[in-house]
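Trainee: Have a peek at entry16.txt (compact mmCIF, C-alpha atoms).
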# COMPACT_ATOMS: atom_id res chain seq x y z
CA MET A 655 63.02 52.77 -46.78
CA ASN A 656 61.62 56.12 -45.88
CA ILE A 657 58.17 57.48 -46.65
CA GLN A 658 59.36 59.40 -49.67
CA SER A 659 60.75 56.31 -51.36
CA LEU A 660 57.56 54.42 -50.54
CA LEU A 661 55.45 57.06 -52.21
CA LYS A 662 57.74 57.03 -55.19
CA THR A 663 57.30 53.32 -55.68
CA VAL A 664 53.50 53.46 -55.55
CA PRO A 665 51.83 54.31 -58.85
CA GLY A 666 49.39 57.29 -58.76
CA LYS A 667 51.14 58.76 -55.77
CA LYS A 668 49.49 62.12 -56.21
CA ALA A 669 46.11 60.54 -55.54
CA GLY A 670 47.60 58.88 -52.50
CA VAL A 671 48.86 62.17 -51.11
CA ALA A 672 45.52 63.81 -51.71
CA LEU A 673 43.79 60.95 -49.93
CA VAL A 674 46.05 61.20 -46.91
CA LEU A 675 45.70 64.95 -46.74
CA SER A 676 41.94 64.94 -47.02
CA SER A 677 41.65 62.26 -44.35
CA ALA A 678 43.77 64.38 -42.08
CA PHE A 679 41.63 67.37 -42.86
CA LEU A 680 38.39 65.52 -42.15
CA ALA A 681 39.77 64.17 -38.89
CA GLY A 682 40.75 67.68 -37.87
CA CYS A 683 37.27 68.91 -38.64
CA ALA A 684 35.60 66.23 -36.59
CA MET A 685 37.89 66.92 -33.70
CA SER A 686 37.28 70.69 -33.52
CA PRO A 687 34.03 71.75 -31.71
CA THR A 688 31.91 72.95 -34.65
CA SER A 689 28.14 72.69 -35.10
CA PRO A 690 26.85 69.56 -36.85
CA GLU A 691 26.21 69.65 -40.56
CA GLY A 692 22.64 70.79 -41.36
CA SER A 693 22.27 72.87 -38.23
CA GLU A 694 22.90 76.06 -40.21
CA ASP A 695 19.88 75.22 -42.39
CA VAL A 696 17.50 75.03 -39.44
CA ARG A 697 19.05 78.19 -38.03
CA ALA A 698 18.38 79.99 -41.32
CA ASP A 699 14.79 78.75 -41.40
CA LEU A 700 14.22 79.89 -37.83
CA THR A 701 15.73 83.32 -38.47
CA GLU A 702 13.46 83.78 -41.48
CA LEU A 703 10.44 82.85 -39.42
CA GLN A 704 11.40 85.14 -36.56
CA ARG A 705 11.54 88.04 -38.99
CA ASP A 706 7.96 87.38 -40.18
CA PRO A 707 5.87 89.78 -38.08
CA ASP A 708 2.68 87.73 -38.49
CA ILE A 709 4.28 84.54 -37.25
CA SER A 710 6.44 86.09 -34.55
CA THR A 711 3.46 87.81 -32.91
CA HIS A 712 1.14 84.81 -33.17
CA ALA A 713 3.49 81.94 -32.33
CA ARG A 714 5.71 83.36 -29.59
CA VAL A 715 5.80 80.20 -27.45
CA GLU A 716 6.32 77.85 -30.38
CA LEU A 717 9.15 80.03 -31.70
CA ARG A 718 10.83 79.94 -28.30
CA ASP A 719 10.62 76.12 -28.27
CA ALA A 720 11.99 76.00 -31.79
CA GLU A 721 14.84 78.33 -30.79
CA ALA A 722 15.78 75.96 -27.96
CA ALA A 723 15.66 73.01 -30.36
CA VAL A 724 17.88 74.82 -32.88
CA GLU A 725 20.37 75.71 -30.15
CA LEU A 726 20.50 72.07 -29.13
CA ALA A 727 21.00 71.03 -32.75
CA GLU A 728 23.94 73.45 -32.96
CA GLN A 729 25.69 71.77 -30.05
CA PRO A 730 28.82 69.95 -31.24
CA VAL A 731 28.58 66.19 -30.93
CA GLY A 732 31.16 63.47 -30.93
CA SER A 733 32.19 61.98 -34.25
CA ASP A 734 30.33 58.78 -33.33
CA GLU A 735 27.10 60.65 -32.57
CA GLU A 736 25.94 61.44 -36.08
CA ALA A 737 22.54 59.85 -35.35
CA LEU A 738 22.08 62.17 -32.37
CA ALA A 739 22.93 65.22 -34.50
CA ALA A 740 20.50 64.11 -37.21
CA HIS A 741 17.81 63.53 -34.59
CA ARG A 742 18.28 67.00 -33.12
CA ILE A 743 18.16 68.64 -36.54
CA TYR A 744 14.99 66.71 -37.36
CA MET A 745 13.38 67.84 -34.12
CA ALA A 746 14.43 71.47 -34.67
CA ASP A 747 13.11 71.45 -38.24
CA ARG A 748 9.71 70.03 -37.26
CA MET A 749 9.37 72.47 -34.38
CA ILE A 750 10.09 75.38 -36.71
CA GLU A 751 7.39 74.07 -39.02
CA ILE A 752 4.97 73.74 -36.10
CA ALA A 753 5.66 77.36 -35.16
CA ARG A 754 4.99 78.38 -38.76
CA ALA A 755 1.69 76.48 -38.92
CA LYS A 756 0.53 77.80 -35.54
CA GLY A 757 1.42 81.33 -36.57
CA GLU A 758 -0.58 80.93 -39.77
CA LEU A 759 -3.48 79.43 -37.86
CA ARG A 760 -3.65 82.30 -35.40
CA SER A 761 -3.25 84.93 -38.13
CA LEU A 762 -6.19 83.33 -39.91
CA GLU A 763 -8.22 83.33 -36.71
CA ALA A 764 -7.44 87.00 -36.17
CA GLU A 765 -8.42 87.72 -39.76
CA ARG A 766 -11.63 85.77 -39.25
CA GLU A 767 -12.58 87.97 -36.35
CA LEU A 768 -12.05 90.97 -38.58
CA LEU A 769 -14.06 89.35 -41.37
CA GLY A 770 -16.86 88.61 -38.93
CA GLU A 771 -16.90 92.22 -37.82
CA GLU A 772 -16.92 93.40 -41.40
CA ARG A 773 -19.77 91.10 -42.24
CA GLU A 774 -21.70 92.18 -39.17
CA GLU A 775 -21.17 95.76 -40.24
CA ALA A 776 -22.32 95.02 -43.76
CA ARG A 777 -25.39 93.25 -42.45
CA LEU A 778 -26.14 96.15 -40.15
CA ASP A 779 -25.74 98.54 -43.06
CA ALA A 780 -28.14 96.50 -45.12
CA ARG A 781 -30.64 96.41 -42.31
CA THR A 782 -30.36 100.15 -41.75
CA ARG A 783 -30.81 100.79 -45.42
CA GLU A 784 -33.82 98.50 -45.50
CA ALA A 785 -35.34 100.22 -42.50
CA ASN A 786 -34.75 103.62 -44.04
CA ARG A 787 -36.31 102.44 -47.24
CA ALA A 788 -39.36 101.08 -45.44
CA GLN A 789 -39.70 104.30 -43.51
CA ALA A 790 -39.43 106.38 -46.65
CA GLU A 791 -42.03 104.20 -48.32
CA ALA A 792 -44.39 104.52 -45.37
CA GLU A 793 -43.86 108.26 -45.38
CA ARG A 794 -44.58 108.41 -49.09
CA ALA A 795 -47.71 106.29 -48.69
CA ARG A 796 -48.89 108.45 -45.83
CA ARG A 797 -48.33 111.61 -47.82
CA SER A 798 -50.12 110.32 -50.92
CA GLN A 799 -52.97 109.13 -48.74
CA GLU A 800 -53.17 112.56 -47.19
CA ALA A 801 -53.05 114.11 -50.62
CA ALA A 802 -55.80 111.80 -51.79
CA ALA A 803 -57.88 112.60 -48.74
CA ALA A 804 -57.34 116.31 -49.27
CA MET A 805 -58.20 115.89 -52.92
CA SER A 806 -61.41 114.00 -52.27
CA ALA A 807 -62.36 116.51 -49.59
CA ARG A 808 -61.78 119.31 -52.06
CA GLU A 809 -63.67 117.41 -54.72
CA ALA A 810 -66.61 116.79 -52.41
CA GLU A 811 -66.66 120.43 -51.52
CA GLU A 812 -66.51 121.41 -55.15
CA LEU A 813 -69.32 118.99 -56.03
CA LYS A 814 -71.44 120.42 -53.24
CA ARG A 815 -70.77 123.91 -54.51
CA GLN A 816 -71.70 122.85 -58.04
CA ILE A 817 -74.88 121.16 -56.85
CA ASP A 818 -75.80 124.24 -54.87
CA MET A 819 -75.21 126.33 -57.95
CA LEU A 820 -77.33 123.97 -60.01
CA GLU A 821 -80.11 124.24 -57.44
CA ALA A 822 -80.52 120.52 -57.87
CA GLU A 823 -82.04 118.26 -55.29
CA ALA A 824 -80.06 115.30 -54.00
CA THR A 825 -82.28 112.24 -54.02
CA GLU A 826 -81.54 108.54 -53.91
CA ARG A 827 -81.85 108.37 -57.69
CA GLY A 828 -79.21 111.07 -58.01
CA LEU A 829 -79.29 114.81 -58.43
CA VAL A 830 -82.63 115.93 -59.73
CA LEU A 831 -82.78 119.22 -61.57
CA THR A 832 -86.25 120.43 -62.39
CA LEU A 833 -86.62 122.63 -65.44
CA GLY A 834 -89.92 124.48 -65.22
CA ASP A 835 -92.43 124.99 -68.01
CA VAL A 836 -91.16 128.53 -68.58
CA LEU A 837 -88.67 126.82 -70.83
CA PHE A 838 -91.30 125.98 -73.41
CA ALA A 839 -94.08 127.84 -75.09
CA SER A 840 -97.46 126.35 -74.30
CA GLY A 841 -98.11 123.19 -76.32
CA SER A 842 -94.69 123.43 -77.96
CA ALA A 843 -91.60 121.30 -77.51
CA GLU A 844 -89.27 124.06 -78.70
CA ILE A 845 -86.98 125.55 -76.14
CA GLN A 846 -87.56 129.27 -76.06
CA GLY A 847 -84.80 131.37 -77.51
CA GLY A 848 -82.29 133.36 -75.52
CA THR A 849 -79.98 132.14 -72.80
CA ASN A 850 -81.24 129.77 -70.21
CA GLU A 851 -79.27 129.99 -67.02
CA ASN A 852 -80.35 126.63 -65.68
CA LEU A 853 -79.38 124.77 -68.85
CA GLU A 854 -76.01 126.52 -69.01
CA LYS A 855 -75.28 125.48 -65.45
CA LEU A 856 -76.27 121.93 -66.34
CA VAL A 857 -73.86 121.87 -69.27
CA ASN A 858 -71.06 123.17 -67.06
CA PHE A 859 -71.78 120.57 -64.45
CA LEU A 860 -71.87 117.69 -66.93
CA ASP A 861 -68.60 118.95 -68.43
CA GLN A 862 -66.93 118.74 -65.07
CA TYR A 863 -68.28 115.29 -64.17
CA PRO A 864 -68.03 113.51 -67.51
CA GLU A 865 -68.55 110.02 -66.10
CA ARG A 866 -72.07 110.71 -64.83
CA GLN A 867 -75.04 109.35 -66.77
CA VAL A 868 -78.09 111.54 -67.25
CA LEU A 869 -81.80 110.68 -67.47
CA ILE A 870 -84.00 113.30 -69.07
CA GLU A 871 -87.68 112.85 -68.17
CA GLY A 872 -90.54 114.88 -69.57
CA HIS A 873 -93.77 115.40 -67.62
CA THR A 874 -97.04 117.26 -68.34
CA ASP A 875 -100.30 118.22 -66.62
CA ASN A 876 -103.51 116.39 -67.37
CA VAL A 877 -104.86 118.85 -69.91
CA GLY A 878 -105.40 116.99 -73.16
CA GLY A 879 -105.28 113.31 -74.04
CA ALA A 880 -102.83 110.85 -72.57
CA ILE A 881 -101.19 109.98 -75.89
CA PHE A 882 -100.79 113.64 -76.79
CA ASN A 883 -99.28 114.42 -73.40
CA GLN A 884 -97.00 111.41 -73.52
CA LYS A 885 -95.74 112.46 -76.92
CA LEU A 886 -95.32 116.06 -75.87
CA SER A 887 -93.41 115.14 -72.69
CA ARG A 888 -91.12 112.98 -74.72
CA GLN A 889 -90.55 115.69 -77.33
CA ARG A 890 -89.72 118.23 -74.63
CA ALA A 891 -87.23 115.83 -73.06
CA GLU A 892 -85.75 115.28 -76.53
CA SER A 893 -85.40 119.03 -76.93
CA VAL A 894 -83.37 119.19 -73.73
CA ARG A 895 -81.22 116.36 -74.98
CA GLN A 896 -80.72 118.21 -78.25
CA TYR A 897 -79.70 121.31 -76.38
CA LEU A 898 -77.14 119.34 -74.32
CA THR A 899 -75.61 117.54 -77.33
CA ASN A 900 -75.43 120.84 -79.17
CA HIS A 901 -73.41 122.11 -76.25
CA GLY A 902 -70.90 119.29 -76.44
CA ILE A 903 -72.31 116.66 -74.08
CA ASP A 904 -71.83 113.11 -75.32
CA ASN A 905 -75.12 111.69 -76.55
CA ARG A 906 -74.29 108.31 -75.07
CA ARG A 907 -74.56 109.69 -71.57
CA LEU A 908 -78.07 110.88 -72.15
CA SER A 909 -81.29 108.84 -72.10
CA VAL A 910 -84.72 110.25 -72.62
CA SER A 911 -88.22 109.25 -71.44
CA GLY A 912 -91.66 110.83 -71.69
CA TYR A 913 -94.09 110.14 -68.86
CA GLY A 914 -97.02 112.37 -69.88
CA PHE A 915 -99.15 113.08 -66.82
CA GLU A 916 -98.34 109.78 -65.09
CA ARG A 917 -96.13 111.34 -62.42
CA PRO A 918 -97.58 114.56 -61.14
CA VAL A 919 -95.73 116.35 -58.36
CA ALA A 920 -98.71 118.56 -57.47
CA SER A 921 -102.51 118.58 -57.86
CA ASN A 922 -103.77 119.21 -61.39
CA ASP A 923 -106.82 120.88 -59.89
CA THR A 924 -105.20 124.28 -59.53
CA ALA A 925 -103.28 126.33 -62.06
CA THR A 926 -100.20 126.46 -59.81
CA GLY A 927 -100.30 122.69 -59.43
CA ARG A 928 -100.61 122.15 -63.16
CA GLN A 929 -97.70 124.54 -63.74
CA GLN A 930 -95.60 122.52 -61.30
CA ASN A 931 -96.50 119.34 -63.11
CA ARG A 932 -95.40 120.69 -66.49
CA ARG A 933 -91.71 120.14 -66.22
CA VAL A 934 -88.60 118.33 -67.44
CA GLU A 935 -86.59 116.57 -64.76
CA VAL A 936 -82.94 115.96 -65.37
CA VAL A 937 -81.63 113.14 -63.15
CA ILE A 938 -77.87 113.13 -62.83
CA GLU A 939 -77.07 109.62 -61.59
CA ASN A 940 -74.79 109.14 -58.66
CA ARG A 941 -71.45 107.74 -59.61
CA GLU A 942 -71.42 103.94 -59.50
CA MET B 409 49.03 54.54 13.98
CA ASN B 410 46.57 55.40 16.77
CA THR B 411 42.96 54.24 17.05
CA SER B 412 41.39 57.50 15.92
CA THR B 413 43.35 57.43 12.68
CA THR B 414 42.35 53.83 12.11
CA ARG B 415 38.70 54.71 12.69
CA ARG B 416 38.89 57.56 10.24
CA VAL B 417 40.39 55.25 7.64
CA PHE B 418 37.57 52.76 8.15
CA GLU B 419 34.95 55.49 7.95
CA ARG B 420 36.44 56.69 4.71
CA LEU B 421 36.45 53.17 3.39
CA GLY B 422 32.80 52.71 4.38
CA LEU B 423 31.77 55.90 2.63
CA PHE B 424 33.76 54.88 -0.42
CA THR B 425 32.11 51.48 -0.48
CA ILE B 426 28.62 53.01 -0.29
CA LEU B 427 29.45 55.39 -3.11
CA MET B 428 30.81 52.51 -5.17
CA PHE B 429 27.62 50.55 -4.62
CA VAL B 430 25.43 53.48 -5.62
CA THR B 431 27.46 54.08 -8.76
CA ALA B 432 27.35 50.42 -9.66
CA THR B 433 23.59 50.33 -9.17
CA LEU B 434 23.13 53.39 -11.34
CA ILE B 435 25.26 51.93 -14.11
CA ALA B 436 23.34 48.68 -13.92
CA CYS B 437 20.10 50.55 -14.13
CA ALA B 438 21.22 52.61 -17.11
CA ALA B 439 22.45 49.58 -18.91
CA ALA B 440 19.24 47.62 -18.37
CA PRO B 441 17.14 47.84 -21.57
CA VAL B 442 14.00 49.67 -20.43
CA PRO B 443 11.71 50.76 -23.30
CA PRO B 444 11.15 54.56 -23.46
CA LYS B 445 7.53 54.19 -22.41
CA GLU B 446 6.93 57.89 -21.84
CA SER B 447 8.09 58.93 -25.31
CA LEU B 448 6.21 56.07 -26.95
CA ASN B 449 2.98 56.92 -25.14
CA ALA B 450 3.36 60.60 -25.97
CA ALA B 451 3.91 59.72 -29.65
CA SER B 452 0.81 57.49 -29.74
CA ALA B 453 -1.28 60.19 -28.07
CA ALA B 454 -0.04 62.84 -30.52
CA ILE B 455 -0.89 60.61 -33.49
CA ALA B 456 -4.36 59.89 -32.09
CA ASN B 457 -4.83 63.61 -31.59
CA ALA B 458 -3.83 64.34 -35.18
CA GLU B 459 -6.23 61.70 -36.46
CA GLN B 460 -8.97 63.21 -34.35
CA ALA B 461 -8.29 66.57 -36.01
CA GLU B 462 -8.75 64.97 -39.48
CA ALA B 463 -5.05 65.12 -40.30
CA ARG B 464 -5.58 62.18 -42.67
CA ARG B 465 -7.45 64.59 -44.88
CA TYR B 466 -5.51 67.82 -44.40
CA ALA B 467 -1.92 66.67 -43.64
CA PRO B 468 -1.63 63.02 -44.73
CA ALA B 469 2.13 63.11 -45.40
CA GLU B 470 2.98 64.39 -41.93
CA LEU B 471 0.65 61.90 -40.28
CA GLU B 472 2.15 59.04 -42.25
CA GLU B 473 5.66 60.17 -41.31
CA ALA B 474 4.69 60.12 -37.64
CA GLY B 475 3.30 56.62 -38.01
CA ARG B 476 6.50 55.47 -39.72
CA HIS B 477 8.66 56.85 -36.92
CA LEU B 478 6.53 55.19 -34.24
CA LYS B 479 6.73 51.87 -36.06
CA ALA B 480 10.51 52.19 -36.32
CA ALA B 481 10.66 53.10 -32.62
CA ASN B 482 8.80 49.91 -31.71
CA GLU B 483 11.16 47.90 -33.92
CA ALA B 484 14.10 49.50 -32.08
CA VAL B 485 12.53 48.47 -28.78
CA ALA B 486 12.30 44.92 -30.09
CA VAL B 487 16.06 44.85 -30.76
CA LYS B 488 16.74 46.56 -27.40
CA ASP B 489 18.12 49.74 -28.96
CA MET B 490 16.39 51.99 -26.47
CA THR B 491 18.30 55.18 -27.34
CA ARG B 492 17.19 54.89 -30.95
CA ALA B 493 13.68 53.95 -29.86
CA ASP B 494 13.44 57.05 -27.70
CA ARG B 495 14.65 59.35 -30.49
CA LEU B 496 12.26 57.83 -33.03
CA ALA B 497 9.38 58.10 -30.58
CA ARG B 498 10.15 61.79 -30.05
CA GLN B 499 10.31 62.30 -33.81
CA ALA B 500 6.97 60.55 -34.20
CA ARG B 501 5.46 62.87 -31.63
CA VAL B 502 6.80 66.05 -33.18
CA ALA B 503 5.73 64.91 -36.67
CA ALA B 504 2.21 64.20 -35.39
CA GLU B 505 2.08 67.59 -33.72
CA LEU B 506 3.09 69.19 -37.00
CA ALA B 507 0.31 67.22 -38.75
CA THR B 508 -2.20 68.60 -36.25
CA ALA B 509 -0.94 72.18 -36.58
CA ARG B 510 -1.03 72.06 -40.39
CA THR B 511 -4.49 70.49 -40.32
CA GLU B 512 -5.82 73.25 -38.13
CA ALA B 513 -4.24 75.93 -40.29
CA ALA B 514 -5.72 74.37 -43.45
CA LYS B 515 -9.17 74.20 -41.86
CA ALA B 516 -8.92 77.83 -40.74
CA ALA B 517 -7.92 78.88 -44.25
CA ALA B 518 -10.93 77.05 -45.70
CA ILE B 519 -13.29 78.71 -43.22
CA ASN B 520 -11.89 82.16 -43.97
CA LYS B 521 -12.22 81.57 -47.68
CA GLU B 522 -15.88 80.62 -47.23
CA MET B 523 -16.51 83.63 -45.02
CA ARG B 524 -14.93 85.98 -47.50
CA ARG B 525 -16.98 84.42 -50.28
CA SER B 526 -20.27 84.83 -48.44
CA ALA B 527 -19.36 88.37 -47.37
CA GLU B 528 -18.73 89.22 -51.00
CA ALA B 529 -22.03 87.66 -51.98
CA LEU B 530 -23.78 89.76 -49.36
CA ASP B 531 -22.02 92.90 -50.58
CA GLU B 532 -23.01 92.08 -54.12
CA GLU B 533 -26.62 91.54 -53.13
CA MET B 534 -26.73 94.81 -51.27
CA ARG B 535 -25.17 96.64 -54.16
CA ARG B 536 -27.86 95.23 -56.42
CA GLN B 537 -30.58 96.21 -53.98
CA GLY B 538 -29.06 99.66 -53.81
CA ASP B 539 -29.14 99.90 -57.60
CA THR B 540 -32.83 99.06 -57.84
CA GLN B 541 -33.60 101.85 -55.46
Translate this structure into C-alpha cells?
Mentor:
Amino acid sequence: MNIQSLLKTVPGKKAGVALVLSSAFLAGCAMSPTSPEGSEDVRADLTELQRDPDISTHARVELRDAEAAVELAEQPVGSDEEALAAHRIYMADRMIEIARAKGELRSLEAERELLGEEREEARLDARTREANRAQAEAERARRSQEAAAAMSAREAEELKRQIDMLEAEATERGLVLTLGDVLFASGSAEIQGGTNENLEKLVNFLDQYPERQVLIEGHTDNVGGAIFNQKLSRQRAESVRQYLTNHGIDNRRLSVSGYGFERPVASNDTATGRQQNRRVEVVIENRE
Amino acid sequence: MNTSTTRRVFERLGLFTILMFVTATLIACAAAPVPPKESLNAASAAIANAEQAEARRYAPAELEEAGRHLKAANEAVAVKDMTRADRLARQARVAAELATARTEAAKAAAINKEMRRSAEALDEEMRRQGDTQ
C-alpha cells in the first residue's frame, strides 16, 4: 500500500492534503530565521514616533531605549520560545509608549515656559499701560491746576482793576463805594438827571460779579429831625436801588437801609463835614 | 612513552578536570531556582514611584496592569518558574514607568490649560481696561 492508495481510501482526502501541506508550510516558517509575529507592529509604532518632530527632539534617550527594545523584539526566537517573543514585544511596546509620554511631557513643559513668558509680557504691558495712564492723568491734573491758578490770578487781577476803577474801598464788610450828596438835590431823594459815572461803574461791576450781594445804606447830616432824616436816608438808598434794578441788576441781591444821622463819618459842625456825612454807601459783600 | 609526555597528559587531564568542575558548578547554579530579586525590587520601586506621582488618579489602567504583572511574577516565583517571574517583573516595572510618564504628561497638560485660561482672562481684562480708556 503506497501513500496514494492510502489517501484514496480516506474520505475527504482533499482536506487531508491541505492539512499536511499547511503543517509543512508552518514548520518551514518556524524553522526559517524571521522576526516574531507582532514585532512589525512595534516597529511601525516606533517609526511613526521617530518621525514626530516634537517627540523626537524631546525624548531622544527614551526613543533610543525603545529602538533597542524593538530590535530585540525583532530577533528570531526558537519555536518553543513564544513566551520570550511576546515578552520582548510587550517591553518594546511599553517603552515606545513611555517615549511618547515623555515627549509630550517635555513639549508641554517647553510650551509652559513660552506661556509664562507671554503672560509676563502681557503683565508688563498692562503695568506699562497703567503707568502711562497714571502719568497722563497726573499731567492732566497738573495742567488743569495750573490753568485754574492762572485763571484765579487773572480773575484777582481783574477784580483789583475793577475795584480800582470803582474807586471803592476794601473793608472787612466788603467793598464800600461812597456816593456823595452831589447825586441828590438838597432835601430830595431823586437822583439828578444825566449820566452818573459812579453808578454806571457800579452797574458794570455788579454785572460782572453776579453772585455778590449788595447793601445800600443811606446817611444824612444832622440838619432836621431824626425821623425826617431817617426817612430821607432810606428814600435816597431806595432811589439807588431803583436805579440799579432799572439797569438790570436783580432786586434780590439788593437790600436797603436808612440810618439817618446815626453814622456820621465827619463832624457835623462844619459844612464840609456835613457834606461828607450826606452820602449813600454801597457795600458790595465779599464772596462767601 | 617518556616521562615528559606522561606529565603533559596528566597536566592536560588536570586542566580538563578543573574546567569540568567549573562547568558543572555553573550549571548547578543556573538550575538552582533563585528568585529574580533585582527585577522584583525594581518593579516594586517603580510601582511605588507611580503611586507617589498620583498615577492612581491620572493613569489607573497602567498602574493596575503593573500591579497585575507583579502579582503574577510572585506567583511564578512560588511555583519556581524563575524565567517567567523575571519577565513578569520586568513587565511590571515598564508598565509602572509608563503609568508615571503618562501621569506626569496629564498633569503638565492640566497646568498648561490653566495657564492658558488665566492668560486669556488677563488679556480680556486688559482689553476691557483699554476700552474704558
Trainee: Residues of chain A within 8 Å of chain B, counting all atoms listed in the file - could you list those as a VMD selection string?
Mentor: chain A and resid 741 744 to 745 748 to 749 751 to 752 755 to 756 758 to 759 762 to 763 765 to 766 769 to 770 773 776 to 777 780
Trainee: Store the residues picked out above in a file with C-alpha atoms, as a PDB file, keeping the file's coordinate frame.
Mentor:
ATOM      1  CA  HIS A 741      17.810  63.530 -34.590  1.00  0.00           C
ATOM      2  CA  TYR A 744      14.990  66.710 -37.360  1.00  0.00           C
ATOM      3  CA  MET A 745      13.380  67.840 -34.120  1.00  0.00           C
ATOM      4  CA  ARG A 748       9.710  70.030 -37.260  1.00  0.00           C
ATOM      5  CA  MET A 749       9.370  72.470 -34.380  1.00  0.00           C
ATOM      6  CA  GLU A 751       7.390  74.070 -39.020  1.00  0.00           C
ATOM      7  CA  ILE A 752       4.970  73.740 -36.100  1.00  0.00           C
ATOM      8  CA  ALA A 755       1.690  76.480 -38.920  1.00  0.00           C
ATOM      9  CA  LYS A 756       0.530  77.800 -35.540  1.00  0.00           C
ATOM     10  CA  GLU A 758      -0.580  80.930 -39.770  1.00  0.00           C
ATOM     11  CA  LEU A 759      -3.480  79.430 -37.860  1.00  0.00           C
ATOM     12  CA  LEU A 762      -6.190  83.330 -39.910  1.00  0.00           C
ATOM     13  CA  GLU A 763      -8.220  83.330 -36.710  1.00  0.00           C
ATOM     14  CA  GLU A 765      -8.420  87.720 -39.760  1.00  0.00           C
ATOM     15  CA  ARG A 766     -11.630  85.770 -39.250  1.00  0.00           C
ATOM     16  CA  LEU A 769     -14.060  89.350 -41.370  1.00  0.00           C
ATOM     17  CA  GLY A 770     -16.860  88.610 -38.930  1.00  0.00           C
ATOM     18  CA  ARG A 773     -19.770  91.100 -42.240  1.00  0.00           C
ATOM     19  CA  ALA A 776     -22.320  95.020 -43.760  1.00  0.00           C
ATOM     20  CA  ARG A 777     -25.390  93.250 -42.450  1.00  0.00           C
ATOM     21  CA  ALA A 780     -28.140  96.500 -45.120  1.00  0.00           C
TER      22      ALA A 780
END
Trainee: Residues within 10 Å of range 831-835 of chain A, please, as a PyMOL selection string. Count all atoms listed in the file; anything in the same chain fewer than 3 positions from it doesn't count.
Mentor: chain A and resi 817+820-824+828+838-840+845+852-853+856+870-874+890+894+928-938
Trainee: For the residues in the current selection, export C-alpha atoms as a short mmCIF file (atom, residue, chain, number, x, y, z; two decimals), in the coordinates of the input.
Mentor:
data_model
loop_
_atom_site.label_atom_id
_atom_site.label_comp_id
_atom_site.auth_asym_id
_atom_site.auth_seq_id
_atom_site.Cartn_x
_atom_site.Cartn_y
_atom_site.Cartn_z
CA ILE A 817 -74.88 121.16 -56.85
CA LEU A 820 -77.33 123.97 -60.01
CA GLU A 821 -80.11 124.24 -57.44
CA ALA A 822 -80.52 120.52 -57.87
CA GLU A 823 -82.04 118.26 -55.29
CA ALA A 824 -80.06 115.30 -54.00
CA GLY A 828 -79.21 111.07 -58.01
CA PHE A 838 -91.30 125.98 -73.41
CA ALA A 839 -94.08 127.84 -75.09
CA SER A 840 -97.46 126.35 -74.30
CA ILE A 845 -86.98 125.55 -76.14
CA ASN A 852 -80.35 126.63 -65.68
CA LEU A 853 -79.38 124.77 -68.85
CA LEU A 856 -76.27 121.93 -66.34
CA ILE A 870 -84.00 113.30 -69.07
CA GLU A 871 -87.68 112.85 -68.17
CA GLY A 872 -90.54 114.88 -69.57
CA HIS A 873 -93.77 115.40 -67.62
CA THR A 874 -97.04 117.26 -68.34
CA ARG A 890 -89.72 118.23 -74.63
CA VAL A 894 -83.37 119.19 -73.73
CA ARG A 928 -100.61 122.15 -63.16
CA GLN A 929 -97.70 124.54 -63.74
CA GLN A 930 -95.60 122.52 -61.30
CA ASN A 931 -96.50 119.34 -63.11
CA ARG A 932 -95.40 120.69 -66.49
CA ARG A 933 -91.71 120.14 -66.22
CA VAL A 934 -88.60 118.33 -67.44
CA GLU A 935 -86.59 116.57 -64.76
CA VAL A 936 -82.94 115.96 -65.37
CA VAL A 937 -81.63 113.14 -63.15
CA ILE A 938 -77.87 113.13 -62.83
#
Trainee: What is the distance, in Å and to one decimal place, between CA of Glu473 in chain B and CA of Pro730 in chain A?
Mentor: 27.1 Å
Trainee: For CA of Tyr466 in chain B and CA of Leu700 in chain A, determine how far apart the two atoms are, in Å to one decimal place.
Mentor: 24.0 Å
Trainee: What does the structure give for the distance between CA of Gln816 in chain A and CA of Gln862 in chain A, in Å to one decimal?
Mentor: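 Between CA of Gln816 in chain A and CA of Gln862 in chain A the gap is 9.4 Å.
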